[in-house]
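Chemist: Next comes the structure file my_file-v6.txt, holding compact mmCIF, C-alpha atoms.
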```txt
# COMPACT_ATOMS: atom_id res chain seq x y z
CA MET A 1 64.99 156.74 174.98
CA VAL A 2 64.66 160.52 174.82
CA GLN A 3 61.14 161.14 173.59
CA THR A 4 59.91 163.96 175.79
CA GLY A 5 58.03 166.54 173.77
CA TRP A 6 58.51 164.82 170.42
CA THR A 7 55.48 163.80 168.37
CA ALA A 8 54.74 162.95 164.75
CA GLN A 9 53.45 166.51 164.35
CA ARG A 10 56.65 168.03 165.69
CA TRP A 11 58.87 165.88 163.46
CA THR A 12 56.67 166.87 160.53
CA ALA A 13 57.22 170.54 161.38
CA VAL A 14 60.98 169.91 161.47
CA PHE A 15 60.80 168.23 158.06
CA ILE A 16 58.92 171.16 156.52
CA GLU A 17 61.37 173.69 157.97
CA GLN A 18 64.48 171.74 156.98
CA ALA A 19 63.12 170.86 153.54
CA GLU A 20 62.62 174.54 152.78
CA MET A 21 66.24 175.30 153.72
CA PHE A 22 67.48 172.31 151.71
CA ARG A 23 65.48 173.38 148.67
CA LYS A 24 66.89 176.91 148.84
CA ALA A 25 70.47 175.70 149.18
CA VAL A 26 70.32 173.32 146.21
CA ALA A 27 68.59 175.97 144.10
CA ASP A 28 71.42 178.41 144.86
CA ALA A 29 74.13 175.85 144.07
CA ASP A 30 75.60 174.68 140.79
CA PRO A 31 74.11 171.20 140.12
CA ALA A 32 77.57 169.97 139.13
CA ALA A 33 79.26 171.33 142.27
CA GLU A 34 80.83 168.76 144.56
CA VAL A 35 79.35 168.26 148.04
CA PRO A 36 82.20 168.75 150.56
CA THR A 37 80.67 166.43 153.15
CA ARG A 38 79.98 163.64 150.64
CA PRO A 39 83.11 163.02 148.51
CA GLY A 40 82.16 161.93 145.01
CA TRP A 41 78.65 163.41 145.18
CA THR A 42 77.45 166.41 143.21
CA VAL A 43 74.55 168.65 144.18
CA GLN A 44 72.46 166.88 141.56
CA ASP A 45 73.29 163.53 143.19
CA LEU A 46 72.17 164.97 146.52
CA VAL A 47 68.89 166.25 145.05
CA ILE A 48 68.10 162.89 143.47
CA HIS A 49 69.03 161.04 146.67
CA VAL A 50 66.64 163.10 148.78
CA GLY A 51 63.85 162.66 146.24
CA ARG A 52 64.39 158.88 146.17
CA PHE A 53 64.62 158.68 149.95
CA LEU A 54 61.34 160.55 150.38
CA GLU A 55 59.57 158.53 147.71
CA THR A 56 60.69 155.24 149.25
CA SER A 57 60.18 156.08 152.93
CA THR A 58 56.78 157.75 152.57
CA GLU A 59 55.51 154.69 150.69
CA TYR A 60 55.40 152.88 154.05
CA LEU A 61 53.25 155.63 155.53
CA ARG A 62 51.06 155.77 152.41
CA THR A 63 50.40 152.03 152.25
CA GLY A 64 50.76 150.93 155.87
CA SER A 65 52.84 147.99 154.60
CA ARG A 66 53.97 145.58 157.30
CA ASN A 67 56.73 144.22 155.05
CA PRO A 68 59.74 145.77 153.26
CA ILE A 69 58.82 147.44 149.96
CA LYS A 70 60.99 147.23 146.85
CA PRO A 71 61.83 150.72 145.58
CA THR A 72 60.02 151.73 142.41
CA PRO A 73 61.97 152.99 139.37
CA PRO A 74 62.48 156.78 139.36
CA GLN A 75 59.90 158.78 137.45
CA SER A 76 61.15 159.74 134.00
CA GLY A 77 60.63 163.03 132.21
CA LEU A 78 61.26 165.24 135.24
CA SER A 79 64.31 167.33 136.01
CA PRO A 80 66.00 166.52 139.35
CA LEU A 81 64.52 169.64 140.97
CA GLU A 82 61.05 168.92 139.58
CA TYR A 83 61.29 165.39 140.95
CA LEU A 84 62.47 166.75 144.32
CA ASP A 85 59.61 169.25 144.48
CA LEU A 86 57.08 166.51 143.76
CA GLN A 87 58.46 164.41 146.60
CA LEU A 88 58.70 167.32 149.05
CA VAL A 89 55.04 168.19 148.54
CA GLY A 90 53.99 164.55 148.77
CA ALA A 91 56.02 163.93 151.93
CA SER A 92 54.55 166.99 153.64
CA GLU A 93 51.03 165.80 152.89
CA ILE A 94 51.65 162.21 153.98
CA LEU A 95 53.54 163.07 157.16
CA THR A 96 50.75 165.46 158.15
CA ALA A 97 47.98 162.95 157.42
CA VAL A 98 49.37 159.77 159.01
CA PRO A 99 49.18 159.43 162.81
CA GLY A 100 52.31 158.39 164.63
CA ASN A 101 50.71 155.27 166.13
CA ARG A 102 49.79 153.70 162.79
CA PRO A 103 51.27 150.15 162.52
CA VAL A 104 53.82 149.94 159.70
CA TRP A 105 57.10 148.16 158.89
CA THR A 106 60.18 149.97 160.15
CA PHE A 107 63.84 149.52 159.34
CA SER A 108 65.50 148.73 162.67
CA PRO A 109 65.27 145.68 164.96
CA SER A 110 65.26 148.03 167.95
CA ALA A 111 62.37 150.23 166.73
CA PRO A 112 58.65 149.57 167.14
CA ASP A 113 56.68 148.99 163.94
CA LEU A 114 54.89 152.33 164.22
CA ALA A 115 54.68 155.28 161.83
CA TRP A 116 56.38 157.77 164.15
CA VAL A 117 59.68 155.97 163.54
CA TRP A 118 59.41 157.11 159.90
CA HIS A 119 58.34 160.63 160.90
CA ARG A 120 61.50 160.83 162.98
CA ARG A 121 63.78 159.27 160.33
CA ILE A 122 62.47 161.55 157.58
CA ALA A 123 62.92 164.64 159.78
CA HIS A 124 66.53 163.80 160.64
CA GLU A 125 67.50 162.67 157.16
CA THR A 126 66.30 166.07 155.94
CA VAL A 127 68.35 167.85 158.64
CA LEU A 128 71.41 165.91 157.51
CA ARG A 129 70.91 166.65 153.83
CA ARG A 130 70.17 170.32 154.54
CA PHE A 131 73.54 170.44 156.27
CA ASP A 132 75.19 168.77 153.26
CA ALA A 133 73.58 171.22 150.85
CA GLN A 134 74.44 174.27 152.92
CA THR A 135 78.12 173.31 153.01
CA VAL A 136 78.12 173.73 149.23
CA VAL A 137 76.88 177.33 149.38
CA ARG A 138 78.87 177.97 152.61
CA GLN A 139 75.84 179.06 154.59
CA VAL A 140 75.43 176.39 157.25
CA ALA A 141 72.69 177.23 159.73
CA ALA A 142 72.93 176.22 163.39
CA THR A 143 70.85 173.23 164.45
CA ASP A 144 68.72 173.54 167.58
CA ALA A 145 70.19 171.64 170.54
CA ASP A 146 66.86 169.97 171.37
CA LEU A 147 66.61 168.67 167.81
CA CYS A 148 70.21 167.45 168.00
CA VAL A 149 69.47 165.58 171.24
CA ASP A 150 66.60 163.79 169.52
CA GLY A 151 68.90 163.02 166.60
CA ILE A 152 71.58 161.60 168.88
CA ASP A 153 68.94 159.46 170.51
CA GLU A 154 67.70 158.21 167.15
CA VAL A 155 71.21 157.16 166.16
CA LEU A 156 71.96 155.36 169.42
CA THR A 157 68.56 153.69 169.90
CA THR A 158 67.63 152.94 166.28
CA ILE A 159 70.26 153.57 163.59
CA VAL A 160 73.16 151.69 165.23
CA ALA A 161 70.95 148.60 165.56
CA ALA A 162 69.90 148.90 161.91
CA LYS A 163 73.57 149.22 160.89
CA LEU A 164 74.52 146.11 162.87
CA ASP A 165 71.56 144.23 161.36
CA GLY A 166 72.96 144.80 157.86
CA ASP A 167 75.03 142.64 155.55
CA SER A 168 78.21 142.97 157.62
CA PRO A 169 77.35 142.36 161.27
CA SER A 170 79.86 143.72 163.76
CA THR A 171 81.76 141.44 166.13
CA VAL A 172 82.49 144.36 168.46
CA SER A 173 81.39 144.20 172.10
CA GLY A 174 81.75 146.99 174.62
CA THR A 175 80.09 150.06 176.06
CA ALA A 176 80.13 153.75 175.25
CA VAL A 177 78.94 156.79 177.15
CA VAL A 178 77.74 159.71 175.05
CA ARG A 179 77.35 163.04 176.84
CA SER A 180 76.30 166.42 175.54
CA THR A 181 77.82 169.33 177.41
CA ASP A 182 75.14 171.94 176.72
CA VAL A 183 72.04 169.86 177.58
CA PRO A 184 71.46 167.38 180.42
CA GLU A 185 70.87 164.22 178.35
CA SER A 186 73.41 161.41 178.25
CA TRP A 187 73.39 157.81 177.05
CA LEU A 188 75.11 154.51 177.74
CA ILE A 189 75.03 152.09 174.82
CA SER A 190 76.03 148.46 175.36
CA LEU A 191 77.18 146.45 172.35
CA THR A 192 77.22 142.65 172.35
CA ALA A 193 78.20 140.85 169.16
CA GLY A 194 75.16 139.33 167.48
CA GLU A 195 72.63 141.11 169.71
CA VAL A 196 70.54 144.27 169.47
CA PRO A 197 72.35 147.05 171.38
CA GLU A 198 70.93 148.15 174.72
CA VAL A 199 70.64 151.85 175.47
CA ARG A 200 69.82 153.63 178.72
CA ALA A 201 70.52 156.97 180.37
CA ALA A 202 74.09 157.21 181.65
CA ALA A 203 74.48 157.93 185.34
CA PRO A 204 76.51 160.96 186.48
CA GLY A 205 80.20 160.08 186.34
CA GLU A 206 79.55 156.76 184.64
CA GLU A 207 82.14 155.70 182.08
CA GLY A 208 82.22 153.10 179.31
CA ASP A 209 84.89 151.47 177.20
CA ALA A 210 84.60 154.59 175.04
CA GLN A 211 83.49 158.15 175.79
CA VAL A 212 82.04 160.75 173.42
CA THR A 213 81.59 164.26 174.81
CA GLY A 214 80.69 167.61 173.24
CA GLU A 215 77.97 170.08 172.47
CA ALA A 216 74.84 168.34 171.20
CA GLU A 217 75.23 169.72 167.66
CA LEU A 218 78.83 168.52 167.39
CA VAL A 219 77.99 165.05 168.74
CA TYR A 220 74.99 164.76 166.42
CA PHE A 221 76.94 165.59 163.28
CA TRP A 222 79.96 163.56 164.44
CA LEU A 223 77.75 160.47 164.68
CA TRP A 224 76.79 161.08 161.05
CA ASN A 225 80.47 161.63 160.11
CA ARG A 226 79.91 165.29 159.25
CA MET A 227 81.95 167.05 161.95
CA ASN A 228 85.14 166.34 163.85
CA LEU A 229 84.94 165.86 167.59
CA LYS A 230 87.99 166.24 169.81
CA GLU A 231 86.58 164.72 172.97
CA MET A 232 86.56 161.01 172.12
CA THR A 233 88.46 158.49 174.22
CA GLY A 234 88.62 154.75 174.67
CA ASP A 235 87.92 151.78 172.41
CA ARG A 236 88.24 152.86 168.76
CA GLN A 237 86.24 149.87 167.53
CA VAL A 238 83.30 150.88 169.70
CA LEU A 239 83.53 154.46 168.44
CA ASP A 240 83.53 153.20 164.85
CA VAL A 241 80.25 151.35 165.47
CA LEU A 242 78.63 154.53 166.78
CA GLN A 243 79.68 156.61 163.77
CA VAL A 244 76.92 155.60 161.36
CA GLY A 245 77.36 158.21 158.63
CA ARG A 246 80.17 156.63 156.65
CA GLY A 247 78.92 156.20 153.13
CA HIS A 248 75.60 157.80 154.08
```
Taking this structure as input, can you express it in the form of structure tokens?

Modeler:
Amino acid sequence: MVQTGWTAQRWTAVFIEQAEMFRKAVADADPAAEVPTRPGWTVQDLVIHVGRFLETSTEYLRTGSRNPIKPTPPQSGLSPLEYLDLQLVGASEILTAVPGNRPVWTFSPSAPDLAWVWHRRIAHETVLRRFDAQTVVRQVAATDADLCVDGIDEVLTTIVAAKLDGDSPSTVSGTAVVRSTDVPESWLISLTAGEVPEVRAAAPGEEGDAQVTGEAELVYFWLWNRMNLKEMTGDRQVLDVLQVGRGH
């Protein structure tokens, strides 16, 4: 797992930075405009989604619950942007206040039940939604390679396992090597039907049943089904398991 240099405080700083860019993009956009990266979604849908995500995910940090929490009904009487602003402020306060080593329920069978898993998830969900919002106003900012590496790692070590633990478990078995061309990190993920995937650093020259190669930003957004990536080879079923952003 690539964790060097990442802390709850650093993920919180990413959230604050990305949330500000997201807020600006949705304020500049027509609420009824369609989101190019999310067919069928409008900007207003995106705003409400982010507000609901923040309200639900920060509840674990607020309460320290060791069990799944049922989402509460949305607050009435607020406009979508007012609701978003309320959740952005609340998330910033909670993420700042809660230490990363606080025990709490998390969403993936491969993740420890510690608060930093939520700090990380909230940071990267906000990166993803900032990207979505900026495609509407056609002002997509570059994403730092180091942040993308951490995002790739989150997908491979945490999100894929959560996806496979869902209502439609995959029967796919195989391996994939994921390499970024602009940073030294690489991963080998091993899939076995019915088991939690295993992830380790890929050795130089090592290959899997599938290969994914590209700049860290392209790989990161490809995993979330936001960008096309030309350098993919091998088992298509394995590649489909890695691409977690369909419907997200």

Chemist: For Asp153 of chain A, which residue out of A:Asp167, A:Arg121, A:Arg226, A:Val127 is the nearest one, using only C-alpha atoms?

Modeler: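 Selected residue with least distance to Asp153 of chain A: A:Arg121.
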
Chemist: Quick one: everything within 10 Å of Ala193 of chain A, counting only C-alpha atoms, minus sequence neighbours fewer than 5 positions away in the same chain. Send it as an MDAnalysis selection string.

Modeler: chainID A and resid 164 169:174

Chemist: For the residues in that selection, give me C-alpha atoms as a PDB file, in the frame of the given file.

Modeler:
```
ATOM      1  CA  LEU A 164      74.520 146.110 162.870  1.00  0.00           C
ATOM      2  CA  PRO A 169      77.350 142.360 161.270  1.00  0.00           C
ATOM      3  CA  SER A 170      79.860 143.720 163.760  1.00  0.00           C
ATOM      4  CA  THR A 171      81.760 141.440 166.130  1.00  0.00           C
ATOM      5  CA  VAL A 172      82.490 144.360 168.460  1.00  0.00           C
ATOM      6  CA  SER A 173      81.390 144.200 172.100  1.00  0.00           C
ATOM      7  CA  GLY A 174      81.750 146.990 174.620  1.00  0.00           C
TER       8      GLY A 174
END
```

Chemist: Show me, as JSON, the centre and edge lengths in Å to one decimal of the axis-aligned box that covers every listed atom of segment 77-92 of chain A with 3 Å on each side.

Modeler:
```
{"center_x": 60.0, "center_y": 166.3, "center_z": 142.9, "size_x": 18.0, "size_y": 12.6, "size_z": 27.4}
```

Chemist: Contacts of segment 237-242 of chain A at 10 Å or less, counting only C-alpha atoms, minus same-chain residues fewer than 6 places along, as number ranges by chain?

Modeler: A: 155-156, 159-161, 163-164, 170-176, 178, 189-191, 208-212, 222-225

Chemist: Go through A:Val137, A:Gly5, A:Asp165, A:Gln18 and flag the residue nearest His124 of chain A, using all atoms listed in the file for the distances.

Modeler: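 Of the candidates, the smallest distance to His124 of chain A is held by A:Gln18.
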
Chemist: Which polymer residues have any atom within 12 Å of an atom of Glu154 of chain A, counting all atoms listed in the file, with same-chain residues fewer than 4 positions away left out, as a VMD selection string?

Modeler: chain A and resid 1 to 3 6 108 110 to 111 116 to 125 147 to 150 158 to 162 187 199 220 223 to 224 242 244

Chemist: Between atom CA of Asp132 of chain A and atom CA of Ile16 of chain A, what is the spacing in Å?

Modeler: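 These two atoms are separated by 16.8 Å.
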
Chemist: As an exercise, work out the distance from atom CA of Ala202 of chain A to atom CA of Leu188 of chain A in Å and give it to one decimal place.

Modeler: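 Between atom CA of Ala202 of chain A and atom CA of Leu188 of chain A the gap works out to 4.9 Å.
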
Chemist: Ranking A:Arg179, A:Met227, A:Ala27, A:Ala133 by minimum distance to Gly205 of chain A and counting only C-alpha atoms, which one comes first?

Modeler: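 Closest to Gly205 of chain A, using only C-alpha atoms: A:Arg179.
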
Chemist: By how many Å are atom CA of Gly51 of chain A and atom CA of Ala19 of chain A apart?

Modeler: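 It comes out at 11.0 Å.
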
Chemist: So which residues touch segment 40-49 of chain A within 6 Å, counting all atoms listed in the file, skipping near sequence neighbours fewer than 5 positions away, as a list of chain:residue names?

Modeler: A:Pro31, A:Ala32, A:Ala33, A:Glu34, A:Val35, A:Pro80

Chemist: A:Arg38, A:Lys230, A:His248, A:Lys70: which is nearest Gly214 of chain A, counting only C-alpha atoms?

Modeler: A:Lys230

Chemist: Can you pull out every residue within 9 Å of Trp105 of chain A, counting all atoms listed in the file, but drop anything in the same chain fewer than 2 positions away, and send it as a ChimeraX atom specification?

Modeler: /A:60,64-68,103,107,112-115

Chemist: Counting only C-alpha atoms, which residue out of A:Thr58, A:Asn101, A:Thr106, A:Thr213 sits closest to Gly234 of chain A?

Modeler: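 The answer is A:Thr213, which sits nearest to Gly234 of chain A.
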
Chemist: Name the closest residue to Gly166 of chain A among the candidates A:Pro39, A:Gly100, A:Pro109, A:Gly90; distances are taken between atoms, counting all atoms listed in the file.

Modeler: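 Selected residue with least distance to Gly166 of chain A: A:Pro109.
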
Chemist: Using all atoms listed in the file, can you list as JSON, numbers by chain the residues within 12 Å of (47.0, 167.4, 160.0)?

Modeler: {"A": [8, 9, 10, 12, 13, 92, 93, 94, 95, 96, 97, 98, 99, 100]}

Chemist: From (71.1, 173.0, 168.9), in the file's coordinates, out to 10 Å: which residues are reached, counting only C-alpha atoms? Answer as a list in words.

Modeler: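 Residues lying no farther than 10 Å from the given point: Ala142, Thr143, Asp144, Ala145, Asp146, Leu147, Cys148, Val149, Asp182, Val183, Glu215, Ala216, Glu217, Leu218 and Tyr220 of chain A.
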